[in-house]
Amino acid sequence: MSESSLTGATVTGTSEVPERAEVPEPVEGTATPDAPRLRIDARDDRVVATLDRPDRRNAIDQVMVDELHALCAELEERPRTLILTGAGGIFAAGADIAQLRERTGDDARRGINATVFDRIRHLPMPVIAAVDGYALGGGAELAYAADIRLGTPRVRFGNPEPGLGIIAAAGAAWRLPEIVGHARASELLLTTRVIDADEALAWGLLSSVHEPDALLAAAHAIVDRIAANSVRATILTKRALLAPRTEHPAIDGELQAELFDSADKRTRMSAFLERKKK
């Protein structure tokens with residue numbers, strides 16, 4: 001197991017936390033100006049990336065965006081399953097409001113957060129969000145970009161953007177309806193209501209709920225199941241899942257054709273048949 005970190009400079013700001021959400025106060029003085037925003041635990045078949053900006057409730061700022069892009073570049077070059085989680089009992093309490101306040105219309109058109117979240121969504125291998133505590137605003141949209149979301153009883157999802165005079169423009173408006181349905185997504189995005197773990201589980205926003213000290217173990221168990229399968233078949237399954245409906249069933253046949261002609265398919269099926277004989 002190897003560990004590495006991507007570095008960046010701290011930008012003072014606050015996160016997208018509605019007052020009624022009762023989020024704990026940030027812990028001041030715990031970060032240094034050049035502290036990295038991500039802690040990276042890189043292994044042979046997986047990478048764990050921990051959002052680690054405790055002084056700002058893991059708020060997503062430009063430095064964190066840059067570090068996420070650098071991580072995506074590594075995972076595009078060498079595909080592995082990604083686990084995203086947050087430090088300190090909070091996933092991410094939003095985007096950095098101090099930076100958002102200063103952004104212009106041109107910045108909005110650049111899609112600063114939307115671009116990196118979409119890059120995460122389209123990584124070759126699966127992405128698992130292990131969510132503890134608050135996932136609000138940009139933090140929620142980062143979780144929505146994952147293929148699988150696990151949570152704890154402390155989970156709170158919400159998109160408070162309209163209360164701040166903006167919209168949830170980094171994925172919520174199109175990914176959330178795909179996950180929970182149009183009506184439920186409309187309720188959350190239009191009312192800015194915050195939902196708890198039980199409701200998120202009932203709606204399918206979370207796949208399962210675990211105690212905080214068991215959350216990462218549950219995420220690793222899912223990665224273990226993924227790692228037991230063919231890497232290429234996993235990559236192509238994700239590609240099929242992300243393809244527009246209009247491309248099916250043609251794309252399925254093309255992807256399957258590649259796998260049907262692979263040595264890995266023959267080896268795995270031969271091993272299966274041999275086991276059946278015993």
# chains A, B, ... in the order shown; residues from 1 in each chain; ligands from 1

$ select_by_dssp --residues "stretch 38-79 of chain A" --states "alpha helix (DSSP H)" --output "list in words"
Gln62, Val63, Met64, Val65, Asp66, Glu67, Leu68, His69, Ala70, Leu71, Cys72, Ala73, Glu74, Leu75, Glu76 and Glu77 of chain A

$ write_last_selection --atoms "N, CA and C atoms" --output "short mmCIF file (atom, residue, chain, number, x, y, z; two decimals), in the first residue's frame"
data_model
loop_
_atom_site.label_atom_id
_atom_site.label_comp_id
_atom_site.auth_asym_id
_atom_site.auth_seq_id
_atom_site.Cartn_x
_atom_site.Cartn_y
_atom_site.Cartn_z
N GLN A 62 -11.41 25.89 -5.19
CA GLN A 62 -10.70 25.70 -6.45
C GLN A 62 -9.51 24.76 -6.30
N VAL A 63 -8.82 24.83 -5.16
CA VAL A 63 -7.68 23.94 -4.96
C VAL A 63 -8.14 22.48 -4.91
N MET A 64 -9.26 22.23 -4.23
CA MET A 64 -9.76 20.86 -4.19
C MET A 64 -10.19 20.39 -5.57
N VAL A 65 -10.81 21.29 -6.33
CA VAL A 65 -11.17 20.95 -7.71
C VAL A 65 -9.93 20.56 -8.51
N ASP A 66 -8.86 21.35 -8.36
CA ASP A 66 -7.62 21.04 -9.08
C ASP A 66 -7.06 19.68 -8.65
N GLU A 67 -7.12 19.39 -7.36
CA GLU A 67 -6.62 18.11 -6.88
C GLU A 67 -7.48 16.95 -7.38
N LEU A 68 -8.78 17.15 -7.47
CA LEU A 68 -9.66 16.12 -8.02
C LEU A 68 -9.36 15.87 -9.50
N HIS A 69 -9.07 16.94 -10.25
CA HIS A 69 -8.67 16.76 -11.65
C HIS A 69 -7.38 15.94 -11.75
N ALA A 70 -6.42 16.23 -10.88
CA ALA A 70 -5.17 15.48 -10.91
C ALA A 70 -5.41 14.01 -10.57
N LEU A 71 -6.30 13.76 -9.62
CA LEU A 71 -6.63 12.38 -9.28
C LEU A 71 -7.30 11.69 -10.46
N CYS A 72 -8.22 12.38 -11.12
CA CYS A 72 -8.89 11.79 -12.28
C CYS A 72 -7.88 11.44 -13.37
N ALA A 73 -6.91 12.31 -13.58
CA ALA A 73 -5.89 12.03 -14.60
C ALA A 73 -5.15 10.73 -14.28
N GLU A 74 -4.85 10.51 -12.99
CA GLU A 74 -4.18 9.26 -12.60
C GLU A 74 -5.08 8.05 -12.85
N LEU A 75 -6.38 8.18 -12.53
CA LEU A 75 -7.29 7.04 -12.66
C LEU A 75 -7.71 6.80 -14.11
N GLU A 76 -7.61 7.80 -14.95
CA GLU A 76 -7.83 7.59 -16.38
C GLU A 76 -6.64 6.87 -17.01
N GLU A 77 -5.45 7.19 -16.51
CA GLU A 77 -4.23 6.55 -17.01
C GLU A 77 -4.11 5.12 -16.50
#

$ residues_around --residues "stretch 204-216 of chain A" --least-positions-apart "2" --cutoff "10 Å" --atoms "only C-alpha atoms" --output "PyMOL selection string"
chain A and resi 48+83-85+89+129-133+143-144+148-155+157+176+179-181+197-202+218-222

$ residues_around --residues "A:Ala173" --least-positions-apart "5" --cutoff "12 Å" --atoms "only C-alpha atoms" --output "JSON list (two decimals) with N, CA, C and O atoms, in the first residue's frame"
[["chain", "number", "residue", "atom", "x", "y", "z"],
["A", 114, "ALA", "N", -18.93, 21.50, -12.10],
["A", 114, "ALA", "CA", -19.63, 20.55, -12.96],
["A", 114, "ALA", "C", -18.65, 19.74, -13.80],
["A", 114, "ALA", "O", -18.83, 18.53, -14.01],
["A", 137, "GLY", "N", -25.18, 20.93, -1.08],
["A", 137, "GLY", "CA", -24.75, 21.74, -2.21],
["A", 137, "GLY", "C", -23.79, 20.98, -3.11],
["A", 137, "GLY", "O", -24.08, 19.89, -3.59],
["A", 140, "ALA", "N", -23.20, 17.42, -2.07],
["A", 140, "ALA", "CA", -24.23, 16.48, -2.52],
["A", 140, "ALA", "C", -24.02, 16.14, -3.99],
["A", 140, "ALA", "O", -24.13, 14.98, -4.39],
["A", 141, "GLU", "N", -23.71, 17.15, -4.81],
["A", 141, "GLU", "CA", -23.54, 16.91, -6.24],
["A", 141, "GLU", "C", -22.33, 16.02, -6.51],
["A", 141, "GLU", "O", -22.35, 15.23, -7.46],
["A", 144, "TYR", "N", -23.65, 12.61, -5.86],
["A", 144, "TYR", "CA", -24.54, 12.18, -6.95],
["A", 144, "TYR", "C", -23.74, 11.65, -8.14],
["A", 144, "TYR", "O", -24.25, 10.85, -8.93],
["A", 145, "ALA", "N", -22.51, 12.14, -8.31],
["A", 145, "ALA", "CA", -21.69, 11.72, -9.45],
["A", 145, "ALA", "C", -21.15, 10.31, -9.31],
["A", 145, "ALA", "O", -20.67, 9.73, -10.28],
["A", 159, "ASN", "N", -29.71, 20.44, -1.08],
["A", 159, "ASN", "CA", -29.20, 21.42, -2.05],
["A", 159, "ASN", "C", -29.79, 22.79, -1.74],
["A", 159, "ASN", "O", -30.88, 23.15, -2.21],
["A", 161, "GLU", "N", -28.92, 25.72, -2.70],
["A", 161, "GLU", "CA", -28.47, 26.77, -3.62],
["A", 161, "GLU", "C", -29.50, 27.89, -3.85],
["A", 161, "GLU", "O", -29.11, 29.07, -3.85],
["A", 167, "ILE", "N", -28.50, 28.25, -8.59],
["A", 167, "ILE", "CA", -29.10, 26.94, -8.76],
["A", 167, "ILE", "C", -28.04, 25.87, -8.53],
["A", 167, "ILE", "O", -26.84, 26.16, -8.53],
["A", 168, "ALA", "N", -28.50, 24.64, -8.35],
["A", 168, "ALA", "CA", -27.58, 23.51, -8.24],
["A", 168, "ALA", "C", -27.18, 23.11, -9.66],
["A", 168, "ALA", "O", -27.85, 22.33, -10.31],
["A", 178, "GLU", "N", -32.38, 11.20, -12.22],
["A", 178, "GLU", "CA", -32.05, 9.84, -12.65],
["A", 178, "GLU", "C", -31.98, 8.89, -11.46],
["A", 178, "GLU", "O", -32.29, 7.71, -11.59],
["A", 179, "ILE", "N", -31.57, 9.40, -10.30],
["A", 179, "ILE", "CA", -31.39, 8.56, -9.13],
["A", 179, "ILE", "C", -32.68, 8.35, -8.37],
["A", 179, "ILE", "O", -33.05, 7.21, -8.03],
["A", 180, "VAL", "N", -33.43, 9.43, -8.11],
["A", 180, "VAL", "CA", -34.60, 9.34, -7.23],
["A", 180, "VAL", "C", -35.92, 9.61, -7.93],
["A", 180, "VAL", "O", -36.98, 9.51, -7.31],
["A", 181, "GLY", "N", -35.87, 9.97, -9.22],
["A", 181, "GLY", "CA", -37.09, 10.32, -9.94],
["A", 181, "GLY", "C", -37.31, 11.82, -9.98],
["A", 181, "GLY", "O", -36.85, 12.56, -9.11],
["A", 182, "HIS", "N", -38.05, 12.27, -10.99],
["A", 182, "HIS", "CA", -38.23, 13.70, -11.23],
["A", 182, "HIS", "C", -38.98, 14.39, -10.10],
["A", 182, "HIS", "O", -38.62, 15.51, -9.68],
["A", 183, "ALA", "N", -40.02, 13.76, -9.59],
["A", 183, "ALA", "CA", -40.85, 14.42, -8.57],
["A", 183, "ALA", "C", -40.07, 14.64, -7.28],
["A", 183, "ALA", "O", -40.12, 15.72, -6.69],
["A", 184, "ARG", "N", -39.35, 13.62, -6.83],
["A", 184, "ARG", "CA", -38.59, 13.77, -5.60],
["A", 184, "ARG", "C", -37.43, 14.74, -5.77],
["A", 184, "ARG", "O", -37.14, 15.55, -4.88],
["A", 185, "ALA", "N", -36.77, 14.68, -6.93],
["A", 185, "ALA", "CA", -35.69, 15.63, -7.19],
["A", 185, "ALA", "C", -36.22, 17.06, -7.20],
["A", 185, "ALA", "O", -35.60, 17.98, -6.66],
["A", 186, "SER", "N", -37.39, 17.25, -7.80],
["A", 186, "SER", "CA", -37.99, 18.58, -7.84],
["A", 186, "SER", "C", -38.26, 19.09, -6.44],
["A", 186, "SER", "O", -38.01, 20.26, -6.12],
["A", 187, "GLU", "N", -38.77, 18.21, -5.58],
["A", 187, "GLU", "CA", -39.05, 18.63, -4.21],
["A", 187, "GLU", "C", -37.78, 19.09, -3.50],
["A", 187, "GLU", "O", -37.75, 20.16, -2.88],
["A", 188, "LEU", "N", -36.72, 18.30, -3.61],
["A", 188, "LEU", "CA", -35.49, 18.66, -2.92],
["A", 188, "LEU", "C", -34.88, 19.95, -3.47],
["A", 188, "LEU", "O", -34.46, 20.82, -2.71],
["A", 189, "LEU", "N", -34.83, 20.07, -4.79],
["A", 189, "LEU", "CA", -34.15, 21.21, -5.39],
["A", 189, "LEU", "C", -34.96, 22.50, -5.28],
["A", 189, "LEU", "O", -34.39, 23.59, -5.20],
["A", 190, "LEU", "N", -36.28, 22.39, -5.26],
["A", 190, "LEU", "CA", -37.12, 23.60, -5.20],
["A", 190, "LEU", "C", -37.39, 24.06, -3.78],
["A", 190, "LEU", "O", -37.59, 25.26, -3.54]]

$ closest_residue --among "A:Ala170, A:Val47, A:Ala271, A:Val194" --to "A:Gly111" --atoms "only C-alpha atoms"
A:Ala170

$ atom_distance --atom1 "atom CA of A:Tyr134" --atom2 "atom CA of A:Arg121"
20.4 Å

$ select_by_dssp --residues "stretch 45-278 of chain A" --states "strand (DSSP E)" --output "MDAnalysis selection string"
chainID A and resid 46:51 81:86 127:131 134:136 148:151 156:158 195:196 208:209

$ write_last_selection --atoms "N, CA and C atoms" --output "compact mmCIF listing (two decimals), in the first residue's frame"
# COMPACT_ATOMS: atom_id res chain seq x y z
N ARG A 46 -7.53 -0.16 -6.05
CA ARG A 46 -8.46 0.86 -5.58
C ARG A 46 -7.69 2.08 -5.08
N VAL A 47 -8.41 3.19 -5.03
CA VAL A 47 -7.87 4.42 -4.45
C VAL A 47 -8.92 4.99 -3.51
N VAL A 48 -8.51 5.34 -2.30
CA VAL A 48 -9.39 6.01 -1.35
C VAL A 48 -8.98 7.48 -1.31
N ALA A 49 -9.90 8.37 -1.65
CA ALA A 49 -9.64 9.80 -1.61
C ALA A 49 -10.52 10.42 -0.53
N THR A 50 -9.89 10.99 0.48
CA THR A 50 -10.62 11.59 1.60
C THR A 50 -10.57 13.10 1.49
N LEU A 51 -11.74 13.73 1.38
CA LEU A 51 -11.81 15.18 1.42
C LEU A 51 -11.39 15.62 2.82
N THR A 81 -10.87 1.31 -9.03
CA THR A 81 -12.09 1.76 -8.37
C THR A 81 -11.74 2.85 -7.36
N LEU A 82 -12.59 3.88 -7.30
CA LEU A 82 -12.36 5.02 -6.43
C LEU A 82 -13.39 5.04 -5.31
N ILE A 83 -12.92 5.18 -4.08
CA ILE A 83 -13.79 5.45 -2.93
C ILE A 83 -13.58 6.90 -2.54
N LEU A 84 -14.66 7.67 -2.53
CA LEU A 84 -14.63 9.06 -2.08
C LEU A 84 -15.27 9.13 -0.70
N THR A 85 -14.61 9.79 0.24
CA THR A 85 -15.18 9.97 1.57
C THR A 85 -14.70 11.29 2.14
N GLY A 86 -15.20 11.64 3.32
CA GLY A 86 -14.84 12.90 3.94
C GLY A 86 -14.28 12.70 5.34
N VAL A 127 -17.07 4.35 -9.13
CA VAL A 127 -16.80 5.32 -8.07
C VAL A 127 -17.82 5.08 -6.96
N ILE A 128 -17.34 4.94 -5.72
CA ILE A 128 -18.19 4.71 -4.57
C ILE A 128 -18.05 5.91 -3.63
N ALA A 129 -19.17 6.53 -3.28
CA ALA A 129 -19.16 7.60 -2.29
C ALA A 129 -19.55 7.02 -0.94
N ALA A 130 -18.63 7.10 0.02
CA ALA A 130 -18.90 6.67 1.39
C ALA A 130 -19.20 7.93 2.19
N VAL A 131 -20.48 8.19 2.41
CA VAL A 131 -20.95 9.48 2.91
C VAL A 131 -21.28 9.39 4.39
N TYR A 134 -22.89 15.51 6.69
CA TYR A 134 -23.50 16.40 5.71
C TYR A 134 -22.90 16.27 4.33
N ALA A 135 -23.78 16.18 3.35
CA ALA A 135 -23.43 16.26 1.93
C ALA A 135 -24.39 17.28 1.34
N LEU A 136 -23.98 18.52 1.32
CA LEU A 136 -24.84 19.63 0.93
C LEU A 136 -24.28 20.37 -0.27
N ILE A 148 -22.17 4.37 -6.87
CA ILE A 148 -22.77 3.74 -5.70
C ILE A 148 -22.53 4.66 -4.51
N ARG A 149 -23.58 4.84 -3.69
CA ARG A 149 -23.46 5.67 -2.49
C ARG A 149 -23.84 4.86 -1.25
N LEU A 150 -22.95 4.85 -0.26
CA LEU A 150 -23.21 4.26 1.04
C LEU A 150 -23.25 5.39 2.06
N GLY A 151 -23.96 5.17 3.15
CA GLY A 151 -24.03 6.23 4.15
C GLY A 151 -24.05 5.72 5.57
N ARG A 156 -26.93 13.59 5.94
CA ARG A 156 -27.92 14.62 5.60
C ARG A 156 -27.59 15.11 4.18
N PHE A 157 -28.54 14.94 3.27
CA PHE A 157 -28.39 15.41 1.90
C PHE A 157 -29.27 16.64 1.68
N GLY A 158 -28.77 17.61 0.95
CA GLY A 158 -29.59 18.77 0.62
C GLY A 158 -28.90 19.66 -0.39
N ILE A 195 -32.68 15.98 3.70
CA ILE A 195 -33.23 14.67 4.06
C ILE A 195 -32.19 13.87 4.83
N ASP A 196 -32.69 12.97 5.68
CA ASP A 196 -31.79 12.16 6.50
C ASP A 196 -31.50 10.82 5.83
N SER A 208 -27.08 1.52 1.02
CA SER A 208 -27.10 0.89 2.34
C SER A 208 -26.61 1.89 3.36
N VAL A 209 -26.91 1.60 4.64
CA VAL A 209 -26.52 2.47 5.75
C VAL A 209 -25.73 1.65 6.76

$ closest_residue --among "A:Gly165, A:Asn113, A:Ala240, A:Ser230" --to "A:Thr267" --atoms "only C-alpha atoms"
A:Ser230

$ residues_around --residues "A:Lys238" --least-positions-apart "6" --cutoff "8 Å" --atoms "only C-alpha atoms" --output "PyMOL selection string"
chain A and resi 124-126

$ write_last_selection --atoms "N, CA, C and O atoms" --output "PDB file, in the first residue's frame"
ATOM      1  N   PRO A 124     -13.145   5.425 -15.790  1.00  0.00           N
ATOM      2  CA  PRO A 124     -13.364   4.087 -16.360  1.00  0.00           C
ATOM      3  C   PRO A 124     -13.931   3.065 -15.388  1.00  0.00           C
ATOM      4  O   PRO A 124     -14.819   2.288 -15.739  1.00  0.00           O
ATOM      5  N   MET A 125     -13.432   3.067 -14.152  1.00  0.00           N
ATOM      6  CA  MET A 125     -13.878   2.106 -13.147  1.00  0.00           C
ATOM      7  C   MET A 125     -14.901   2.752 -12.213  1.00  0.00           C
ATOM      8  O   MET A 125     -15.039   3.978 -12.178  1.00  0.00           O
ATOM      9  N   PRO A 126     -15.631   1.934 -11.445  1.00  0.00           N
ATOM     10  CA  PRO A 126     -16.683   2.482 -10.584  1.00  0.00           C
ATOM     11  C   PRO A 126     -16.155   3.460  -9.537  1.00  0.00           C
ATOM     12  O   PRO A 126     -15.003   3.400  -9.114  1.00  0.00           O
TER      13      PRO A 126
END
